[in-house]
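File shown: data_12.cif (mmCIF, C-alpha atoms).
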data_work
loop_
_atom_site.label_atom_id
_atom_site.label_comp_id
_atom_site.auth_asym_id
_atom_site.auth_seq_id
_atom_site.Cartn_x
_atom_site.Cartn_y
_atom_site.Cartn_z
CA MET A 1459 74.09 91.60 95.44
CA VAL A 1460 75.84 91.03 98.79
CA THR A 1461 75.61 87.43 100.00
CA GLY A 1462 75.58 86.32 103.62
CA LYS A 1463 79.22 85.26 103.44
CA SER A 1464 80.24 88.56 101.88
CA HIS A 1465 78.35 90.50 104.54
CA GLY A 1466 80.06 88.51 107.28
CA MET A 1467 83.42 89.01 105.62
CA PHE A 1468 82.97 92.79 105.75
CA ALA A 1469 81.26 92.86 109.13
CA GLU A 1470 84.25 91.34 110.92
CA GLN A 1471 86.65 94.01 109.65
CA THR A 1472 87.84 96.82 111.91
CA TRP A 1473 85.99 100.13 112.06
CA LEU A 1474 89.05 101.86 110.60
CA ALA A 1475 89.09 99.73 107.44
CA ARG A 1476 85.36 100.22 106.93
CA ALA A 1477 85.69 103.95 107.53
CA ILE A 1478 88.38 104.21 104.84
CA TRP A 1479 86.27 102.25 102.36
CA GLY A 1480 83.27 104.49 103.10
CA ALA A 1481 85.34 107.64 102.70
CA LEU A 1482 86.71 106.44 99.37
CA LEU A 1483 83.19 105.76 98.10
CA LEU A 1484 82.00 109.22 99.13
CA LEU A 1485 85.05 110.92 97.62
CA ALA A 1486 84.67 108.96 94.38
CA ALA A 1487 81.00 109.97 94.14
CA GLY A 1488 81.88 113.61 94.83
CA ALA A 1489 84.68 113.57 92.26
CA LEU A 1490 82.38 112.10 89.62
CA ALA A 1491 79.72 114.71 90.38
CA THR A 1492 82.24 117.52 89.90
CA ALA A 1493 83.88 115.90 86.85
CA ASN A 1494 87.19 115.51 88.70
CA TRP A 1495 88.10 112.41 86.72
CA SER A 1496 91.65 111.98 88.00
CA LEU A 1497 90.57 111.99 91.65
CA ALA A 1498 87.67 109.67 90.88
CA PHE A 1499 90.04 107.25 89.15
CA VAL A 1500 92.47 107.23 92.09
CA CYS A 1501 89.61 106.66 94.55
CA VAL A 1502 88.18 103.75 92.56
CA VAL A 1503 91.58 102.11 92.01
CA THR A 1504 92.49 102.53 95.70
CA LEU A 1505 89.16 101.03 96.76
CA ALA A 1506 89.49 98.10 94.35
CA LEU A 1507 93.06 97.26 95.40
CA SER A 1508 92.27 97.53 99.11
CA LEU A 1509 89.29 95.17 98.69
CA ALA A 1510 91.15 92.70 96.47
CA PRO A 1511 92.76 90.77 99.38
CA LEU A 1512 89.30 90.05 100.83
CA TRP A 1513 87.98 88.57 97.61
CA LEU A 1514 91.22 86.68 97.01
CA ALA A 1515 91.08 85.25 100.52
CA ARG A 1516 87.46 84.20 100.01
CA TRP A 1517 88.36 82.51 96.71
CA ALA A 1518 91.24 80.66 98.38
CA ALA A 1519 89.10 79.73 101.42
CA VAL A 1520 91.46 81.58 103.75
CA ARG A 1521 90.47 83.76 106.69
CA VAL A 1522 92.77 86.76 106.97
CA PRO A 1523 92.98 88.46 110.39
CA PRO A 1524 91.09 91.81 110.39
CA SER A 1525 94.19 93.53 111.79
CA PHE A 1526 96.21 92.48 108.74
CA VAL A 1527 93.43 93.58 106.38
CA THR A 1528 93.46 96.98 108.06
CA LEU A 1529 97.19 97.30 107.48
CA ILE A 1530 96.71 96.44 103.81
CA VAL A 1531 93.98 99.06 103.49
CA LEU A 1532 96.16 101.68 105.19
CA PHE A 1533 99.11 100.83 102.95
CA VAL A 1534 97.12 101.00 99.69
CA ALA A 1535 95.37 104.22 100.73
CA GLY A 1536 98.67 105.73 101.87
CA THR A 1537 100.45 104.77 98.66
CA LEU A 1538 97.91 105.67 95.99
CA PHE A 1539 95.40 108.04 97.56
CA LEU A 1540 97.46 110.13 99.96
CA GLY A 1541 100.85 109.51 98.36
CA GLU A 1542 99.99 110.22 94.73
CA ALA A 1543 96.70 112.17 94.77
CA PHE A 1544 97.68 114.46 97.65
CA ASP A 1545 101.46 114.40 97.09
CA PHE A 1546 102.33 113.13 100.59
CA TYR A 1547 105.62 111.78 99.21
CA ASN A 1548 106.89 115.32 98.67
CA ARG A 1549 105.09 116.93 101.61
CA PHE A 1550 106.45 114.50 104.20
CA TRP A 1551 110.00 113.17 103.79
CA TRP A 1552 109.30 110.12 105.95
CA TRP A 1553 106.17 109.00 104.09
CA ASP A 1554 107.94 106.78 101.57
CA ILE A 1555 110.15 105.28 104.29
CA ALA A 1556 107.17 104.36 106.47
CA LEU A 1557 105.26 102.74 103.61
CA HIS A 1558 108.21 100.75 102.31
CA GLY A 1559 109.22 99.59 105.77
CA GLY A 1560 105.68 98.58 106.72
CA SER A 1561 105.03 96.75 103.46
CA ALA A 1562 108.34 94.87 103.74
CA ILE A 1563 107.40 93.65 107.22
CA GLY A 1564 104.03 92.52 105.87
CA PHE A 1565 105.54 90.64 102.94
CA GLY A 1566 108.04 89.04 105.30
CA LEU A 1567 105.12 87.70 107.34
CA ILE A 1568 103.36 86.51 104.18
CA GLY A 1569 106.50 84.71 103.03
CA PHE A 1570 106.80 83.00 106.40
CA VAL A 1571 103.15 81.90 106.38
CA LEU A 1572 103.47 80.46 102.86
CA VAL A 1573 106.35 78.22 103.92
CA PHE A 1574 104.69 77.34 107.23
CA ILE A 1575 101.64 76.15 105.29
CA MET A 1576 103.91 73.76 103.36
CA PHE A 1577 104.85 72.19 106.72
CA GLN A 1578 101.12 72.10 107.66
CA GLY A 1579 101.89 74.01 110.82
CA ASP A 1580 104.43 71.55 112.20
CA ARG A 1581 106.61 74.06 113.99
CA PHE A 1582 108.98 71.34 115.17
CA ALA A 1583 109.67 70.10 111.62
CA ALA A 1584 110.03 73.57 110.08
CA PRO A 1585 113.69 74.71 110.35
CA PRO A 1586 113.46 78.26 111.79
CA ILE A 1587 116.55 79.65 110.04
CA ALA A 1588 115.58 78.26 106.61
CA VAL A 1589 111.98 79.44 106.87
CA ALA A 1590 113.05 82.89 108.05
CA PHE A 1591 115.58 83.12 105.21
CA PHE A 1592 112.87 82.33 102.63
CA ALA A 1593 110.56 84.91 104.21
CA PHE A 1594 113.35 87.50 104.05
CA CYS A 1595 114.10 86.75 100.38
CA PHE A 1596 110.41 86.76 99.47
CA ALA A 1597 109.84 90.20 100.98
CA LEU A 1598 112.99 91.62 99.40
CA ALA A 1599 112.05 90.19 96.00
CA VAL A 1600 108.65 91.87 96.15
CA GLY A 1601 110.34 95.16 97.05
CA ALA A 1602 112.72 94.82 94.09
CA MET A 1603 109.83 94.06 91.74
CA TRP A 1604 108.10 97.23 92.92
CA GLU A 1605 111.19 99.27 92.07
CA VAL A 1606 111.19 97.73 88.58
CA PHE A 1607 107.51 98.68 88.29
CA GLU A 1608 108.28 102.28 89.30
CA PHE A 1609 111.09 102.46 86.73
CA GLY A 1610 108.82 101.08 84.02
CA MET A 1611 106.00 103.53 84.79
CA ASP A 1612 108.43 106.45 84.70
CA GLN A 1613 109.96 105.35 81.40
CA ILE A 1614 106.75 104.38 79.63
CA PHE A 1615 104.26 106.96 80.92
CA GLY A 1616 106.62 109.76 81.88
CA LEU A 1617 105.69 109.68 85.58
CA ASN A 1618 107.96 110.51 88.49
CA MET A 1619 107.50 107.56 90.81
CA GLN A 1620 111.23 107.21 91.41
CA LYS A 1621 111.49 110.85 92.54
CA SER A 1622 115.28 111.29 92.84
CA GLY A 1623 116.13 108.26 90.69
CA LEU A 1624 118.94 106.04 91.92
CA LEU A 1625 119.01 107.56 95.42
CA ASP A 1626 115.28 106.93 95.83
CA THR A 1627 115.57 103.36 94.54
CA MET A 1628 118.50 102.44 96.76
CA GLY A 1629 116.96 104.13 99.78
CA ASP A 1630 113.74 102.16 99.23
CA LEU A 1631 115.67 98.88 98.90
CA ILE A 1632 117.61 99.56 102.11
CA VAL A 1633 114.36 100.22 103.98
CA ASP A 1634 112.84 97.12 102.37
CA THR A 1635 115.80 95.08 103.64
CA LEU A 1636 115.29 96.28 107.20
CA GLY A 1637 111.54 95.65 107.04
CA ALA A 1638 112.05 92.20 105.51
CA PHE A 1639 114.45 91.34 108.32
CA ILE A 1640 111.88 92.35 110.96
CA GLY A 1641 109.16 90.27 109.28
CA ALA A 1642 111.45 87.24 108.90
CA ALA A 1643 112.73 87.59 112.46
CA SER A 1644 109.13 87.61 113.70
CA GLY A 1645 108.56 84.27 111.96
CA TYR A 1646 111.79 82.89 113.42
CA LEU A 1647 110.80 83.88 116.96
CA TYR A 1648 107.33 82.43 116.41
CA LEU A 1649 108.82 79.04 115.51
CA LYS A 1650 110.95 79.32 118.64
CA GLY A 1651 107.77 79.63 120.69
CA GLN A 1652 108.23 83.30 121.51
CA ALA A 1653 104.93 84.77 120.28
CA MET A 1654 104.91 88.16 122.00
CA GLY A 1655 102.17 89.99 120.12
CA GLY A 1656 102.65 92.42 117.25
CA PRO A 1657 103.69 90.65 114.01
CA MET A 1658 103.97 87.33 115.86
CA GLY A 1659 100.45 87.82 117.18
CA MET A 1660 99.20 88.21 113.59
CA ILE A 1661 100.88 84.92 112.65
CA ASP A 1662 99.28 83.18 115.62
CA GLU A 1663 95.85 84.62 114.76
CA PHE A 1664 96.17 83.53 111.12
CA VAL A 1665 97.08 79.98 112.18
CA HIS A 1666 94.12 79.70 114.53
CA ARG A 1667 91.69 81.14 111.98
CA ASN A 1668 92.76 78.61 109.32
CA PRO A 1669 93.13 75.22 111.01
CA HIS A 1670 92.58 73.39 107.69
CA LEU A 1671 95.93 74.75 106.47
CA PHE A 1672 97.83 73.81 109.63
CA ARG A 1673 96.70 70.27 110.43
CA ARG A 1674 99.93 69.40 112.26
CA PHE A 1675 100.01 72.54 114.37
CA LYS A 1676 100.76 72.06 118.04
CA LYS A 1677 101.59 74.58 120.73
#
Final structure tokens representation of the file:
Amino acid sequence: MVTGKSHGMFAEQTWLARAIWGALLLLAAGALATANWSLAFVCVVTLALSLAPLWLARWAAVRVPPSFVTLIVLFVAGTLFLGEAFDFYNRFWWWDIALHGGSAIGFGLIGFVLVFIMFQGDRFAAPPIAVAFFAFCFALAVGAMWEVFEFGMDQIFGLNMQKSGLLDTMGDLIVDTLGAFIGAASGYLYLKGQAMGGPMGMIDEFVHRNPHLFRRFKK
């Protein structure tokens, strides 16, 4: 049963995110009807992982900007559904680069927000360099953990998530480093009062949507 809060949580999302969720539901139903179990599994897992941030945010009493939710949905769908089910990693050489770079930027922003919450939004007390450095390390650590996950899946289940092995892993980590730097730099510029839209705009929107987490926030 969908409650009023759940309905509102979904209603505020962008049309693109809702369109992807609807498409995944239809594809999962079609795959089940035709006994295409592998496609049905990928659709269900993709749908569940793309919805997880919404339920996690509701549990933590946090309002995530719809734009950021859309990016999460695009990333999960691009990684699992298009990347694995439709082999976009091999069909498009830049696919893996785009996903790793985008996710690293996102985790850099998440790392920044986590530290900024510890300062309760006091941008004058939060040291920009130190906060940006933590955000950079956080994003890079997540990227490294993903590479360990890929290695484990390949070794245990005989998959080919690493593609070309060491070259793929190092290439991914280099892209993760660049993306983490962009995400951390966005947090640094935000603390310097240079919110110019884009990633910095997402930070600003998150702060204003969650005033209970940033009680000392001042422009």
Query raised in the report: Can you tell me, as a ChimeraX atom specification, what residues are no more than 8 Å from stretch 1469-1471 of chain A when counting only C-alpha atoms, ignoring any on the same chain fewer than 2 positions away?
Result: /A:1465-1467,1473,1475-1476,1524-1525,1527-1528
Requested in this report: Give as an MDAnalysis selection string the set of residues within 12 Å of the point (89.7, 88.9, 98.3), where distances use the file's coordinates and all atoms listed in the file.
Outcome: chainID A and resid 1464 1467:1468 1506:1522 1527 1530
Report task. Run the PyMOL selection byres ((chain A and resi 1643) around 10) on the file and write out the hits as an NGL selection string. Result -> :A and (1563 or 1566-1567 or 1570 or 1586-1587 or 1589-1591 or 1593-1594 or 1637-1642 or 1644-1649 or 1657-1658)
Query raised in the report: What is the distance, in Å and to one decimal place, between atom CA of A:Ala1486 and atom CA of A:Gln1613?
Result: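 Between atom CA of A:Ala1486 and atom CA of A:Gln1613 the gap works out to 28.7 Å.
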Report task. Would you kindly return, as number ranges by chain, each protein, DNA or RNA residue with an atom no farther than 12 Å from any atom of A:Ser1561, considering only C-alpha atoms and excluding same-chain residues fewer than 6 positions away? Result -> A: 1526, 1529-1534, 1536-1537, 1554-1555, 1567-1568, 1597-1598, 1600-1601, 1604, 1630-1631, 1633-1641
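Comparing A:Leu1474, A:Ala1493, A:Asp1626, A:Val1665 by their smallest distance to A:Asp1580, the closest is A:Val1665 (using all atoms listed in the file).
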Report task. For stretch 1539-1550 of chain A, list every protein, DNA or RNA residue within 7 Å, evaluated using only C-alpha atoms, and leave out those in the same chain fewer than 2 positions away; present the list as a list in words. Result ->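 Final neighbour list, sorted by chain and number: Leu1497, Val1500, Cys1501, Thr1504, Ala1535, Gly1536, Thr1537, Trp1552, Trp1553 and Asp1554 of chain A.
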Put the listed atoms of stretch 1539-1553 of chain A in a box along x, y and z with 5 Å added on every side and give me the centre and edge lengths in Å to one decimal, as JSON.
{"center_x": 102.7, "center_y": 112.5, "center_z": 100.3, "size_x": 24.6, "size_y": 18.9, "size_z": 21.2}
Query raised in the report: Interatomic distance between atom CA of A:Trp1479 and atom CA of A:Val1503?
Result: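 Straight-line distance from atom CA of A:Trp1479 to atom CA of A:Val1503 works out to 11.6 Å.
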**Report entry** Minimum-distance residue to A:Pro1669, chosen among A:Ser1622, A:Thr1472, A:Gln1578, A:Thr1492 (using all atoms listed in the file)
**Finding:**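 Counting all atoms listed in the file, the residue closest to A:Pro1669 is A:Gln1578.
For the atom pair formed by atom CA of A:Met1611 and atom CA of A:Ala1487, the distance is 27.5 Å, given to one decimal.
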Report task. Would you mind telling me which residue in A:Leu1483, A:Ala1562, A:Leu1671, A:Ile1614 lies nearest to A:Cys1595 when using all atoms listed in the file? Result ->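 Once distances to A:Cys1595 are computed over all atoms listed in the file, the minimum belongs to A:Ala1562.
With all atoms listed in the file as the atoms that count, the residue of A:Lys1676, A:Lys1621, A:His1670, A:Lys1650 with the shortest distance to A:Pro1585 is A:Lys1650.
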Taking the file as shown, find all residues satisfying the PyMOL selection byres ((chain A and resi 1609) around 12) and write them as a PDB file with C-alpha atoms, keeping the file's coordinate frame.
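Dumped to part00.pdb:
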ATOM      1  CA  ALA A1602     112.720  94.820  94.090  1.00  0.00           C
ATOM      2  CA  MET A1603     109.830  94.060  91.740  1.00  0.00           C
ATOM      3  CA  TRP A1604     108.100  97.230  92.920  1.00  0.00           C
ATOM      4  CA  GLU A1605     111.190  99.270  92.070  1.00  0.00           C
ATOM      5  CA  VAL A1606     111.190  97.730  88.580  1.00  0.00           C
ATOM      6  CA  PHE A1607     107.510  98.680  88.290  1.00  0.00           C
ATOM      7  CA  GLU A1608     108.280 102.280  89.300  1.00  0.00           C
ATOM      8  CA  GLY A1610     108.820 101.080  84.020  1.00  0.00           C
ATOM      9  CA  MET A1611     106.000 103.530  84.790  1.00  0.00           C
ATOM     10  CA  ASP A1612     108.430 106.450  84.700  1.00  0.00           C
ATOM     11  CA  GLN A1613     109.960 105.350  81.400  1.00  0.00           C
ATOM     12  CA  ILE A1614     106.750 104.380  79.630  1.00  0.00           C
ATOM     13  CA  PHE A1615     104.260 106.960  80.920  1.00  0.00           C
ATOM     14  CA  GLY A1616     106.620 109.760  81.880  1.00  0.00           C
ATOM     15  CA  LEU A1617     105.690 109.680  85.580  1.00  0.00           C
ATOM     16  CA  ASN A1618     107.960 110.510  88.490  1.00  0.00           C
ATOM     17  CA  MET A1619     107.500 107.560  90.810  1.00  0.00           C
ATOM     18  CA  GLN A1620     111.230 107.210  91.410  1.00  0.00           C
ATOM     19  CA  LYS A1621     111.490 110.850  92.540  1.00  0.00           C
ATOM     20  CA  SER A1622     115.280 111.290  92.840  1.00  0.00           C
ATOM     21  CA  GLY A1623     116.130 108.260  90.690  1.00  0.00           C
ATOM     22  CA  LEU A1624     118.940 106.040  91.920  1.00  0.00           C
ATOM     23  CA  ASP A1626     115.280 106.930  95.830  1.00  0.00           C
ATOM     24  CA  THR A1627     115.570 103.360  94.540  1.00  0.00           C
TER      25      THR A1627
END
